[in-house]
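J.: Below is the file final_22.pdb, which contains PDB, C-alpha atoms, pLDDT in the B column.
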```
ATOM      1  CA  MET F   1     215.947 186.700-120.983  1.00 59.00           C
ATOM      2  CA  GLY F   2     214.049 184.188-123.107  1.00 60.00           C
ATOM      3  CA  SER F   3     211.867 184.518-126.174  1.00 62.00           C
ATOM      4  CA  GLY F   4     209.714 187.646-126.107  1.00 62.00           C
ATOM      5  CA  GLY F   5     211.086 188.677-122.730  1.00 60.00           C
ATOM      6  CA  ASP F   6     212.694 191.885-121.568  1.00 60.00           C
ATOM      7  CA  THR F   7     215.349 192.688-119.026  1.00 60.00           C
ATOM      8  CA  TYR F   8     218.137 195.177-118.363  1.00 59.00           C
ATOM      9  CA  ARG F   9     221.883 195.037-117.928  1.00 64.00           C
ATOM     10  CA  VAL F  10     224.195 197.196-115.871  1.00 63.00           C
ATOM     11  CA  VAL F  11     227.432 197.988-117.687  1.00 68.00           C
ATOM     12  CA  THR F  12     230.351 198.797-115.390  1.00 71.00           C
ATOM     13  CA  ILE F  13     233.270 200.609-116.988  1.00 71.00           C
ATOM     14  CA  SER F  14     236.492 200.983-115.007  1.00 76.00           C
ATOM     15  CA  ARG F  15     239.345 203.384-115.655  1.00 79.00           C
ATOM     16  CA  SER F  16     241.886 205.354-113.681  1.00 83.00           C
ATOM     17  CA  LYS F  17     240.593 208.543-112.091  1.00 81.00           C
ATOM     18  CA  PRO F  18     241.107 211.445-114.507  1.00 82.00           C
ATOM     19  CA  THR F  19     242.918 214.546-113.327  1.00 82.00           C
ATOM     20  CA  ASP F  20     240.725 216.800-115.458  1.00 84.00           C
ATOM     21  CA  GLU F  21     237.398 216.749-117.260  1.00 87.00           C
ATOM     22  CA  VAL F  22     237.425 214.313-120.189  1.00 88.00           C
ATOM     23  CA  THR F  23     235.141 213.117-122.985  1.00 88.00           C
ATOM     24  CA  GLU F  24     235.577 209.537-124.179  1.00 88.00           C
ATOM     25  CA  THR F  25     233.794 207.546-126.886  1.00 90.00           C
ATOM     26  CA  GLY F  26     233.264 203.832-127.375  1.00 89.00           C
ATOM     27  CA  THR F  27     230.796 201.210-128.536  1.00 91.00           C
ATOM     28  CA  ILE F  28     228.513 198.599-126.974  1.00 89.00           C
ATOM     29  CA  THR F  29     227.542 195.590-129.087  1.00 91.00           C
ATOM     30  CA  VAL F  30     224.295 193.694-128.417  1.00 88.00           C
ATOM     31  CA  GLU F  31     223.991 190.197-129.944  1.00 91.00           C
ATOM     32  CA  ALA F  32     220.831 188.062-130.348  1.00 90.00           C
ATOM     33  CA  TYR F  33     220.912 184.235-130.287  1.00 92.00           C
ATOM     34  CA  THR F  34     218.215 181.600-130.743  1.00 90.00           C
ATOM     35  CA  ASP F  35     219.714 179.220-128.164  1.00 90.00           C
ATOM     36  CA  SER F  36     220.812 179.434-124.536  1.00 85.00           C
ATOM     37  CA  GLU F  37     224.294 178.158-125.461  1.00 90.00           C
ATOM     38  CA  TYR F  38     224.865 181.243-127.633  1.00 91.00           C
ATOM     39  CA  THR F  39     225.945 179.278-130.708  1.00 92.00           C
ATOM     40  CA  ASN F  40     223.385 180.469-133.287  1.00 94.00           C
ATOM     41  CA  LYS F  41     223.632 184.243-133.594  1.00 93.00           C
ATOM     42  CA  ILE F  42     220.872 185.811-135.683  1.00 95.00           C
ATOM     43  CA  ASP F  43     221.539 189.516-135.302  1.00 95.00           C
ATOM     44  CA  GLU F  44     223.632 192.162-133.613  1.00 94.00           C
ATOM     45  CA  ALA F  45     223.574 195.917-133.111  1.00 94.00           C
ATOM     46  CA  THR F  46     226.408 198.244-132.183  1.00 95.00           C
ATOM     47  CA  LEU F  47     225.631 201.373-130.187  1.00 90.00           C
ATOM     48  CA  ASN F  48     227.899 204.409-130.057  1.00 93.00           C
ATOM     49  CA  VAL F  49     228.526 205.647-126.515  1.00 87.00           C
ATOM     50  CA  THR F  50     229.907 208.984-125.327  1.00 84.00           C
ATOM     51  CA  ILE F  51     230.997 209.321-121.696  1.00 84.00           C
ATOM     52  CA  GLU F  52     231.782 212.681-120.121  1.00 83.00           C
ATOM     53  CA  VAL F  53     233.565 212.942-116.783  1.00 85.00           C
ATOM     54  CA  VAL F  54     232.882 216.397-115.362  1.00 86.00           C
ATOM     55  CA  ASN F  55     232.787 218.169-112.025  1.00 85.00           C
ATOM     56  CA  ILE F  56     229.930 220.646-112.219  1.00 86.00           C
ATOM     57  CA  LYS F  57     230.664 221.867-108.690  1.00 82.00           C
ATOM     58  CA  THR F  58     233.552 223.837-110.230  1.00 89.00           C
ATOM     59  CA  TRP F  59     231.212 225.472-112.793  1.00 94.00           C
ATOM     60  CA  THR F  60     228.630 228.206-112.217  1.00 95.00           C
ATOM     61  CA  VAL F  61     226.211 226.314-109.986  1.00 95.00           C
ATOM     62  CA  LEU F  62     222.502 226.735-109.315  1.00 96.00           C
ATOM     63  CA  GLY F  63     221.437 224.446-106.488  1.00 94.00           C
ATOM     64  CA  TRP F  64     218.436 223.736-104.282  1.00 95.00           C
ATOM     65  CA  THR F  65     218.948 221.328-101.381  1.00 92.00           C
ATOM     66  CA  PHE F  66     215.541 221.664 -99.623  1.00 96.00           C
ATOM     67  CA  ASP F  67     217.546 221.507 -96.387  1.00 96.00           C
ATOM     68  CA  ASP F  68     215.915 224.645 -94.992  1.00 95.00           C
ATOM     69  CA  GLY F  69     212.669 222.641 -94.873  1.00 96.00           C
ATOM     70  CA  THR F  70     211.033 224.498 -97.783  1.00 97.00           C
ATOM     71  CA  SER F  71     210.512 223.746-101.481  1.00 98.00           C
ATOM     72  CA  GLN F  72     212.733 226.734-102.386  1.00 96.00           C
ATOM     73  CA  GLY F  73     210.374 227.855-105.132  1.00 97.00           C
ATOM     74  CA  TRP F  74     209.795 224.454-106.706  1.00 98.00           C
ATOM     75  CA  THR F  75     206.264 223.254-107.403  1.00 98.00           C
ATOM     76  CA  ILE F  76     206.134 219.746-105.934  1.00 98.00           C
ATOM     77  CA  SER F  77     203.782 216.777-105.934  1.00 98.00           C
ATOM     78  CA  GLY F  78     204.348 215.916-102.290  1.00 97.00           C
ATOM     79  CA  GLU F  79     205.883 217.546 -99.227  1.00 98.00           C
ATOM     80  CA  ILE F  80     209.315 218.588 -97.990  1.00 98.00           C
ATOM     81  CA  SER F  81     210.341 216.079 -95.337  1.00 98.00           C
ATOM     82  CA  ASP F  82     213.352 215.067 -93.255  1.00 97.00           C
ATOM     83  CA  GLU F  83     212.359 211.395 -93.501  1.00 97.00           C
ATOM     84  CA  ARG F  84     215.124 210.694 -96.058  1.00 97.00           C
ATOM     85  CA  SER F  85     217.849 212.886 -97.558  1.00 97.00           C
ATOM     86  CA  VAL F  86     221.025 212.605 -99.603  1.00 96.00           C
ATOM     87  CA  ILE F  87     222.906 214.082 -96.645  1.00 95.00           C
ATOM     88  CA  THR F  88     222.516 213.192 -92.985  1.00 94.00           C
ATOM     89  CA  GLY F  89     220.017 215.471 -91.287  1.00 94.00           C
ATOM     90  CA  GLY F  90     218.800 217.031 -94.528  1.00 97.00           C
ATOM     91  CA  TYR F  91     215.435 217.280 -96.279  1.00 98.00           C
ATOM     92  CA  SER F  92     214.018 216.032 -99.580  1.00 98.00           C
ATOM     93  CA  MET F  93     210.752 216.095-101.532  1.00 98.00           C
ATOM     94  CA  ARG F  94     208.642 213.154-100.320  1.00 98.00           C
ATOM     95  CA  HIS F  95     205.822 211.811-102.519  1.00 98.00           C
ATOM     96  CA  HIS F  96     203.598 209.175-100.885  1.00 97.00           C
ATOM     97  CA  ALA F  97     200.936 207.048-102.573  1.00 94.00           C
ATOM     98  CA  TYR F  98     199.107 203.766-102.075  1.00 92.00           C
ATOM     99  CA  SER F  99     198.318 201.093-104.685  1.00 88.00           C
ATOM    100  CA  GLY F 100     198.373 201.568-108.449  1.00 90.00           C
ATOM    101  CA  GLU F 101     200.451 203.999-110.508  1.00 93.00           C
ATOM    102  CA  THR F 102     201.717 207.330-109.207  1.00 95.00           C
ATOM    103  CA  THR F 103     203.974 210.111-110.515  1.00 97.00           C
ATOM    104  CA  ALA F 104     206.191 212.261-108.312  1.00 98.00           C
ATOM    105  CA  TYR F 105     207.473 215.538-109.733  1.00 98.00           C
ATOM    106  CA  ILE F 106     209.274 218.784-109.047  1.00 98.00           C
ATOM    107  CA  GLU F 107     208.986 221.806-111.376  1.00 99.00           C
ATOM    108  CA  LYS F 108     210.542 225.262-111.465  1.00 98.00           C
ATOM    109  CA  THR F 109     211.062 228.168-113.879  1.00 98.00           C
ATOM    110  CA  ILE F 110     214.798 228.902-113.984  1.00 98.00           C
ATOM    111  CA  ALA F 111     216.938 231.561-115.685  1.00 98.00           C
ATOM    112  CA  LEU F 112     220.051 229.760-116.935  1.00 98.00           C
ATOM    113  CA  PRO F 113     223.350 231.664-117.225  1.00 96.00           C
ATOM    114  CA  SER F 114     225.207 231.840-120.530  1.00 96.00           C
ATOM    115  CA  GLY F 115     227.743 229.139-121.362  1.00 96.00           C
ATOM    116  CA  THR F 116     228.618 226.335-123.761  1.00 94.00           C
ATOM    117  CA  LYS F 117     227.864 223.408-121.441  1.00 94.00           C
ATOM    118  CA  CYS F 118     224.996 222.944-119.001  1.00 96.00           C
ATOM    119  CA  ILE F 119     224.271 219.779-117.042  1.00 96.00           C
ATOM    120  CA  GLY F 120     221.474 219.143-114.553  1.00 97.00           C
ATOM    121  CA  ILE F 121     221.423 216.472-111.880  1.00 96.00           C
ATOM    122  CA  VAL F 122     218.895 215.222-109.348  1.00 97.00           C
ATOM    123  CA  TYR F 123     218.871 212.373-106.833  1.00 97.00           C
ATOM    124  CA  ILE F 124     215.978 209.931-106.566  1.00 96.00           C
ATOM    125  CA  LYS F 125     215.137 207.179-104.099  1.00 95.00           C
ATOM    126  CA  GLY F 126     212.315 204.658-103.708  1.00 94.00           C
ATOM    127  CA  ARG F 127     210.705 202.802-100.808  1.00 94.00           C
ATOM    128  CA  CYS F 128     207.658 200.530-100.459  1.00 94.00           C
ATOM    129  CA  TRP F 129     205.937 198.415 -97.818  1.00 93.00           C
ATOM    130  CA  ALA F 130     202.692 196.555 -97.128  1.00 92.00           C
ATOM    131  CA  ASN F 131     201.005 194.637 -94.323  1.00 90.00           C
ATOM    132  CA  ARG F 132     201.591 191.397 -96.220  1.00 85.00           C
ATOM    133  CA  TYR F 133     203.171 191.408 -99.675  1.00 88.00           C
ATOM    134  CA  ILE F 134     203.970 194.081-102.231  1.00 91.00           C
ATOM    135  CA  ALA F 135     205.524 194.015-105.702  1.00 91.00           C
ATOM    136  CA  TRP F 136     206.666 197.500-106.718  1.00 91.00           C
ATOM    137  CA  ARG F 137     208.818 199.177-109.336  1.00 90.00           C
ATOM    138  CA  VAL F 138     209.756 202.498-110.903  1.00 92.00           C
ATOM    139  CA  THR F 139     208.720 202.398-114.553  1.00 90.00           C
ATOM    140  CA  LYS F 140     209.803 205.778-115.895  1.00 93.00           C
ATOM    141  CA  VAL F 141     212.017 208.792-115.192  1.00 95.00           C
ATOM    142  CA  VAL F 142     211.339 211.836-117.388  1.00 97.00           C
ATOM    143  CA  VAL F 143     212.915 215.298-117.610  1.00 98.00           C
ATOM    144  CA  LYS F 144     210.992 218.010-119.468  1.00 99.00           C
ATOM    145  CA  VAL F 145     211.956 221.519-120.553  1.00 98.00           C
ATOM    146  CA  ASN F 146     209.054 223.809-121.451  1.00 98.00           C
ATOM    147  CA  GLY F 147     206.828 220.733-121.703  1.00 98.00           C
ATOM    148  CA  ASN F 148     209.144 218.861-124.099  1.00 98.00           C
ATOM    149  CA  ILE F 149     210.843 215.611-123.067  1.00 98.00           C
ATOM    150  CA  ILE F 150     214.646 215.922-123.196  1.00 98.00           C
ATOM    151  CA  TYR F 151     215.502 212.811-121.151  1.00 96.00           C
ATOM    152  CA  GLU F 152     213.528 209.619-120.637  1.00 94.00           C
ATOM    153  CA  TRP F 153     214.343 206.344-118.924  1.00 89.00           C
ATOM    154  CA  LYS F 154     211.692 203.677-119.436  1.00 82.00           C
ATOM    155  CA  GLY F 155     211.743 200.166-118.049  1.00 69.00           C
ATOM    156  CA  ALA F 156     210.548 198.032-115.195  1.00 63.00           C
ATOM    157  CA  SER F 157     213.815 197.562-113.347  1.00 70.00           C
ATOM    158  CA  PHE F 158     215.177 200.966-112.334  1.00 79.00           C
ATOM    159  CA  TYR F 159     213.931 200.027-108.894  1.00 86.00           C
ATOM    160  CA  ASP F 160     212.110 196.700-108.621  1.00 88.00           C
ATOM    161  CA  THR F 161     211.279 194.419-105.701  1.00 89.00           C
ATOM    162  CA  ASN F 162     211.601 191.504-108.167  1.00 83.00           C
ATOM    163  CA  GLY F 163     208.735 189.688-106.502  1.00 82.00           C
ATOM    164  CA  ASN F 164     206.527 189.938-103.469  1.00 84.00           C
ATOM    165  CA  VAL F 165     208.170 191.256-100.302  1.00 89.00           C
ATOM    166  CA  GLY F 166     206.962 192.859 -97.098  1.00 92.00           C
ATOM    167  CA  SER F 167     209.043 195.991 -97.648  1.00 93.00           C
ATOM    168  CA  ALA F 168     211.984 197.280 -99.659  1.00 92.00           C
ATOM    169  CA  GLU F 169     214.157 200.381 -99.669  1.00 93.00           C
ATOM    170  CA  PHE F 170     216.443 201.327-102.529  1.00 93.00           C
ATOM    171  CA  PRO F 171     219.563 203.536-102.452  1.00 93.00           C
ATOM    172  CA  TRP F 172     219.834 207.053-103.826  1.00 95.00           C
ATOM    173  CA  ARG F 173     220.611 207.279-107.528  1.00 94.00           C
ATOM    174  CA  LYS F 174     221.889 210.283-109.430  1.00 93.00           C
ATOM    175  CA  ILE F 175     220.203 211.230-112.712  1.00 94.00           C
ATOM    176  CA  ALA F 176     222.114 213.545-115.088  1.00 94.00           C
ATOM    177  CA  PHE F 177     220.717 215.334-118.137  1.00 96.00           C
ATOM    178  CA  ASP F 178     222.036 217.777-120.745  1.00 96.00           C
ATOM    179  CA  LEU F 179     220.665 221.331-120.788  1.00 98.00           C
ATOM    180  CA  SER F 180     223.373 222.859-123.003  1.00 96.00           C
ATOM    181  CA  GLN F 181     220.962 223.988-125.729  1.00 97.00           C
ATOM    182  CA  TYR F 182     219.076 226.135-123.190  1.00 98.00           C
ATOM    183  CA  THR F 183     221.895 228.290-121.788  1.00 97.00           C
ATOM    184  CA  ASP F 184     221.142 232.013-121.496  1.00 97.00           C
ATOM    185  CA  GLN F 185     217.400 231.245-121.541  1.00 98.00           C
ATOM    186  CA  THR F 186     214.592 231.086-119.003  1.00 98.00           C
ATOM    187  CA  ILE F 187     213.133 227.580-118.935  1.00 98.00           C
ATOM    188  CA  THR F 188     210.531 225.602-117.026  1.00 99.00           C
ATOM    189  CA  LEU F 189     212.229 222.428-115.804  1.00 99.00           C
ATOM    190  CA  ARG F 190     210.110 219.469-114.685  1.00 99.00           C
ATOM    191  CA  ILE F 191     211.440 216.157-113.348  1.00 98.00           C
ATOM    192  CA  GLU F 192     209.018 213.216-113.066  1.00 98.00           C
ATOM    193  CA  VAL F 193     209.386 209.743-111.535  1.00 96.00           C
ATOM    194  CA  THR F 194     206.577 207.241-112.183  1.00 95.00           C
ATOM    195  CA  ALA F 195     206.145 204.092-110.081  1.00 93.00           C
ATOM    196  CA  GLU F 196     203.536 201.384-109.627  1.00 92.00           C
ATOM    197  CA  THR F 197     202.500 198.591-107.304  1.00 91.00           C
ATOM    198  CA  TYR F 198     201.824 195.697-109.673  1.00 87.00           C
ATOM    199  CA  TYR F 199     200.759 193.379-106.862  1.00 88.00           C
ATOM    200  CA  CYS F 200     199.832 194.086-103.270  1.00 88.00           C
ATOM    201  CA  ALA F 201     198.053 191.917-100.718  1.00 81.00           C
ATOM    202  CA  ASP F 202     197.122 194.500 -98.080  1.00 85.00           C
ATOM    203  CA  GLY F 203     198.081 197.979 -96.905  1.00 90.00           C
ATOM    204  CA  CYS F 204     200.135 199.133 -99.903  1.00 92.00           C
ATOM    205  CA  ASN F 205     202.449 202.130 -99.492  1.00 94.00           C
ATOM    206  CA  GLN F 206     204.957 203.600-101.925  1.00 95.00           C
ATOM    207  CA  VAL F 207     207.225 206.609-101.474  1.00 97.00           C
ATOM    208  CA  ILE F 208     209.418 208.410-104.003  1.00 97.00           C
ATOM    209  CA  TYR F 209     212.014 210.950-102.866  1.00 98.00           C
ATOM    210  CA  LEU F 210     213.674 213.637-105.024  1.00 98.00           C
ATOM    211  CA  ASP F 211     216.557 215.662-103.628  1.00 98.00           C
ATOM    212  CA  ASP F 212     219.290 218.169-104.382  1.00 97.00           C
ATOM    213  CA  PRO F 213     218.392 219.346-107.917  1.00 98.00           C
ATOM    214  CA  THR F 214     221.499 221.092-109.224  1.00 97.00           C
ATOM    215  CA  ILE F 215     222.455 222.776-112.503  1.00 97.00           C
ATOM    216  CA  GLY F 216     226.022 223.512-113.565  1.00 96.00           C
ATOM    217  CA  VAL F 217     226.908 225.885-116.412  1.00 97.00           C
ATOM    218  CA  LYS F 218     230.340 226.317-117.983  1.00 94.00           C
TER     219      LYS F 218
END
```
For this file, produce the structure as C-alpha cells.
T.:
Amino acid sequence: MGSGGDTYRVVTISRSKPTDEVTETGTITVEAYTDSEYTNKIDEATLNVTIEVVNIKTWTVLGWTFDDGTSQGWTISGEISDERSVITGGYSMRHHAYSGETTAYIEKTIALPSGTKCIGIVYIKGRCWANRYIAWRVTKVVVKVNGNIIYEWKGASFYDTNGNVGSAEFPWRKIAFDLSQYTDQTITLRIEVTAETYYCADGCNQVIYLDDPTIGVK
C-alpha cells in the first residue's frame, strides 16, 4: 500500500461445513516491511480472532422484512421501496441523497427475550450514478444500543467505485453484531451507514438500502 497509505484486505477462510454450531479461535499476523520485496521486516502484530458459526433462524427470532411495504415500526431516514430487496419482489429501506456525505439509518425500540446469546443481523447495499463521472464510497457502518456504539466499521473501501465511473451497483452484504449483554432488556437499536461522493462531475446520486433486520436469541 506504500508509505503512509491505507488499504484493506479480505481474508477468506475455508473449512468443511459444520453439522452444528461451533466456535473456533485463531490468529492473524500483520507484518510491516520497508521494501516492496518484503525482505526488511520492521514490525509485526498478531491479532486474536474468534469465529462463530451459528444459525439464528433456529433460535427465538425477531424479524422485520419490510415486505408488507411499511417500516414495521422502525424510524427510518428514507422510504420503504420495492426498488431493491434481499429477496425477489420484496421491499427495503431506501435512502437517497446527492453529492457530499450522507447517513442512512433505521432505529427501533425492542424488547429482547431472555437468553445467553443474542445476535443481530442486517443487510446493506449501495448504488451510485451521475450524468458524467462519480467517485463514491461507504465510509462507516455503525450499530448503536441506547446511543452507545457497540459495532463500528470504518474505512473507505466497504463499497468503493475505486475511481470515476458513470454508475456502480454493489451486492448485498450481511452485517452481524453481538447483543448478548442486552438480553431480557428493552433497548433502542440504531443502525447507521455513512457514504460520500468524493468526486462528481454532474448529476450526482447515491442510494443506500437496508433490509431484513433480524435478531436471534438463544
J.: Hey, which of F:Trp129, F:Tyr105, F:Phe66, F:Tyr123 ends up closest to Arg190 of chain F? Count all atoms listed in the file.
T.: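 Checking each of F:Trp129, F:Tyr105, F:Phe66, F:Tyr123 against Arg190 of chain F, counting all atoms listed in the file, the winner is F:Tyr105.
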J.: Atom CA of Ala201 of chain F to atom CA of Tyr159 of chain F: how many Å, to one decimal?
T.: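 The value is 19.6 Å.
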J.: Evaluate the PyMOL selection byres ((chain F and resi 218) around 8) and record the selected residues as number ranges by chain, following the chain and residue labels used in the document.
T.: F: 59-60, 114-118, 216-217
J.: Around (220.8, 194.9, -129.5), as given in the file, which residues come within 10 Å? Count all atoms listed in the file and list them as a list in words.
T.: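 Here the neighbourhood of the point contains Ile28, Thr29, Val30, Glu31, Ala32, Asp43, Glu44, Ala45, Thr46 and Leu47 of chain F.
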J.: Translate the PyMOL selection byres ((chain F and resi 83) around 10) into a concrete residue list for this structure, as a PyMOL selection string.
T.: chain F and resi 80-82+84-85+89-94+209
J.: Could you please determine the separation between atom CA of Tyr198 of chain F and atom CA of Ile124 of chain F in Å, to one decimal place?
T.: 20.3 Å
J.: For the provided coordinates, the residues matched by the PyMOL selection byres ((chain F and resi 131) around 8) should be stated as a PyMOL selection string.
T.: chain F and resi 129-130+132-133+166+201-204
J.: Any chance you could export the current selection's C-alpha atoms as an mmCIF file, keeping the file's coordinate frame?
T.:
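again_19.cif, written as the output of this step:
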```
data_model
loop_
_atom_site.group_PDB
_atom_site.id
_atom_site.type_symbol
_atom_site.label_atom_id
_atom_site.label_comp_id
_atom_site.auth_asym_id
_atom_site.auth_seq_id
_atom_site.Cartn_x
_atom_site.Cartn_y
_atom_site.Cartn_z
ATOM 1 C CA TRP F 129 205.937 198.415 -97.818
ATOM 2 C CA ALA F 130 202.692 196.555 -97.128
ATOM 3 C CA ARG F 132 201.591 191.397 -96.220
ATOM 4 C CA TYR F 133 203.171 191.408 -99.675
ATOM 5 C CA GLY F 166 206.962 192.859 -97.098
ATOM 6 C CA ALA F 201 198.053 191.917 -100.718
ATOM 7 C CA ASP F 202 197.122 194.500 -98.080
ATOM 8 C CA GLY F 203 198.081 197.979 -96.905
ATOM 9 C CA CYS F 204 200.135 199.133 -99.903
#
```
J.: Is there a way to complete segment 99-128 of chain F with N, CA and C atoms and then write that out as a PDB file, in the coordinates of the input?
T.:
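Saved to rebuild22.pdb:
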```pdb
ATOM      1  N   SER F  99     198.210 202.058-103.596  1.00 88.00           N
ATOM      2  CA  SER F  99     198.318 201.093-104.685  1.00 88.00           C
ATOM      3  C   SER F  99     198.167 201.780-106.040  1.00 88.00           C
ATOM      4  N   GLY F 100     198.515 201.045-107.100  1.00 90.00           N
ATOM      5  CA  GLY F 100     198.373 201.568-108.449  1.00 90.00           C
ATOM      6  C   GLY F 100     199.584 202.354-108.902  1.00 90.00           C
ATOM      7  N   GLU F 101     199.370 203.200-109.932  1.00 93.00           N
ATOM      8  CA  GLU F 101     200.451 203.999-110.508  1.00 93.00           C
ATOM      9  C   GLU F 101     200.434 205.403-109.933  1.00 93.00           C
ATOM     10  N   THR F 102     201.609 205.976-109.734  1.00 95.00           N
ATOM     11  CA  THR F 102     201.717 207.330-109.207  1.00 95.00           C
ATOM     12  C   THR F 102     202.923 208.013-109.830  1.00 95.00           C
ATOM     13  N   THR F 103     202.864 209.341-109.954  1.00 97.00           N
ATOM     14  CA  THR F 103     203.974 210.111-110.515  1.00 97.00           C
ATOM     15  C   THR F 103     204.371 211.219-109.551  1.00 97.00           C
ATOM     16  N   ALA F 104     205.627 211.190-109.127  1.00 98.00           N
ATOM     17  CA  ALA F 104     206.191 212.261-108.312  1.00 98.00           C
ATOM     18  C   ALA F 104     206.867 213.268-109.236  1.00 98.00           C
ATOM     19  N   TYR F 105     206.816 214.556-108.873  1.00 98.00           N
ATOM     20  CA  TYR F 105     207.473 215.538-109.733  1.00 98.00           C
ATOM     21  C   TYR F 105     207.903 216.760-108.938  1.00 98.00           C
ATOM     22  N   ILE F 106     208.900 217.443-109.481  1.00 98.00           N
ATOM     23  CA  ILE F 106     209.274 218.784-109.047  1.00 98.00           C
ATOM     24  C   ILE F 106     209.385 219.644-110.304  1.00 98.00           C
ATOM     25  N   GLU F 107     209.009 220.926-110.195  1.00 99.00           N
ATOM     26  CA  GLU F 107     208.986 221.806-111.376  1.00 99.00           C
ATOM     27  C   GLU F 107     209.340 223.220-110.958  1.00 99.00           C
ATOM     28  N   LYS F 108     210.139 223.890-111.795  1.00 98.00           N
ATOM     29  CA  LYS F 108     210.542 225.262-111.465  1.00 98.00           C
ATOM     30  C   LYS F 108     210.931 226.009-112.747  1.00 98.00           C
ATOM     31  N   THR F 109     210.601 227.294-112.805  1.00 98.00           N
ATOM     32  CA  THR F 109     211.062 228.168-113.879  1.00 98.00           C
ATOM     33  C   THR F 109     212.402 228.764-113.472  1.00 98.00           C
ATOM     34  N   ILE F 110     213.415 228.583-114.337  1.00 98.00           N
ATOM     35  CA  ILE F 110     214.798 228.902-113.984  1.00 98.00           C
ATOM     36  C   ILE F 110     215.438 229.725-115.098  1.00 98.00           C
ATOM     37  N   ALA F 111     216.148 230.780-114.734  1.00 98.00           N
ATOM     38  CA  ALA F 111     216.938 231.561-115.685  1.00 98.00           C
ATOM     39  C   ALA F 111     218.352 230.990-115.711  1.00 98.00           C
ATOM     40  N   LEU F 112     218.733 230.375-116.824  1.00 98.00           N
ATOM     41  CA  LEU F 112     220.051 229.760-116.935  1.00 98.00           C
ATOM     42  C   LEU F 112     221.085 230.797-117.369  1.00 98.00           C
ATOM     43  N   PRO F 113     222.278 230.766-116.782  1.00 96.00           N
ATOM     44  CA  PRO F 113     223.350 231.664-117.225  1.00 96.00           C
ATOM     45  C   PRO F 113     223.831 231.284-118.627  1.00 96.00           C
ATOM     46  N   SER F 114     224.620 232.155-119.234  1.00 96.00           N
ATOM     47  CA  SER F 114     225.207 231.840-120.530  1.00 96.00           C
ATOM     48  C   SER F 114     226.367 230.864-120.349  1.00 96.00           C
ATOM     49  N   GLY F 115     226.657 230.105-121.394  1.00 96.00           N
ATOM     50  CA  GLY F 115     227.743 229.139-121.362  1.00 96.00           C
ATOM     51  C   GLY F 115     227.641 228.198-122.537  1.00 96.00           C
ATOM     52  N   THR F 116     228.618 227.311-122.663  1.00 94.00           N
ATOM     53  CA  THR F 116     228.618 226.335-123.761  1.00 94.00           C
ATOM     54  C   THR F 116     228.184 224.952-123.304  1.00 94.00           C
ATOM     55  N   LYS F 117     228.300 224.691-121.994  1.00 94.00           N
ATOM     56  CA  LYS F 117     227.864 223.408-121.441  1.00 94.00           C
ATOM     57  C   LYS F 117     226.955 223.654-120.253  1.00 94.00           C
ATOM     58  N   CYS F 118     225.919 222.829-120.135  1.00 96.00           N
ATOM     59  CA  CYS F 118     224.996 222.944-119.001  1.00 96.00           C
ATOM     60  C   CYS F 118     224.460 221.556-118.677  1.00 96.00           C
ATOM     61  N   ILE F 119     224.699 221.111-117.467  1.00 96.00           N
ATOM     62  CA  ILE F 119     224.271 219.779-117.042  1.00 96.00           C
ATOM     63  C   ILE F 119     223.437 219.900-115.773  1.00 96.00           C
ATOM     64  N   GLY F 120     222.309 219.204-115.745  1.00 97.00           N
ATOM     65  CA  GLY F 120     221.474 219.143-114.553  1.00 97.00           C
ATOM     66  C   GLY F 120     221.573 217.779-113.903  1.00 97.00           C
ATOM     67  N   ILE F 121     221.449 217.741-112.599  1.00 96.00           N
ATOM     68  CA  ILE F 121     221.423 216.472-111.880  1.00 96.00           C
ATOM     69  C   ILE F 121     220.330 216.518-110.820  1.00 96.00           C
ATOM     70  N   VAL F 122     219.842 215.350-110.445  1.00 97.00           N
ATOM     71  CA  VAL F 122     218.895 215.222-109.348  1.00 97.00           C
ATOM     72  C   VAL F 122     219.075 213.828-108.764  1.00 97.00           C
ATOM     73  N   TYR F 123     218.786 213.676-107.494  1.00 97.00           N
ATOM     74  CA  TYR F 123     218.871 212.373-106.833  1.00 97.00           C
ATOM     75  C   TYR F 123     217.465 211.842-106.588  1.00 97.00           C
ATOM     76  N   ILE F 124     217.273 210.549-106.839  1.00 96.00           N
ATOM     77  CA  ILE F 124     215.978 209.931-106.566  1.00 96.00           C
ATOM     78  C   ILE F 124     216.166 208.680-105.717  1.00 96.00           C
ATOM     79  N   LYS F 125     215.111 208.340-104.989  1.00 95.00           N
ATOM     80  CA  LYS F 125     215.137 207.179-104.099  1.00 95.00           C
ATOM     81  C   LYS F 125     213.728 206.612-104.009  1.00 95.00           C
ATOM     82  N   GLY F 126     213.617 205.292-103.823  1.00 94.00           N
ATOM     83  CA  GLY F 126     212.315 204.658-103.708  1.00 94.00           C
ATOM     84  C   GLY F 126     212.202 203.770-102.479  1.00 94.00           C
ATOM     85  N   ARG F 127     210.967 203.641-101.984  1.00 94.00           N
ATOM     86  CA  ARG F 127     210.705 202.802-100.808  1.00 94.00           C
ATOM     87  C   ARG F 127     209.268 202.307-100.884  1.00 94.00           C
ATOM     88  N   CYS F 128     209.020 201.070-100.456  1.00 94.00           N
ATOM     89  CA  CYS F 128     207.658 200.530-100.459  1.00 94.00           C
ATOM     90  C   CYS F 128     207.487 199.558 -99.303  1.00 94.00           C
TER      91      CYS F 128
END
```
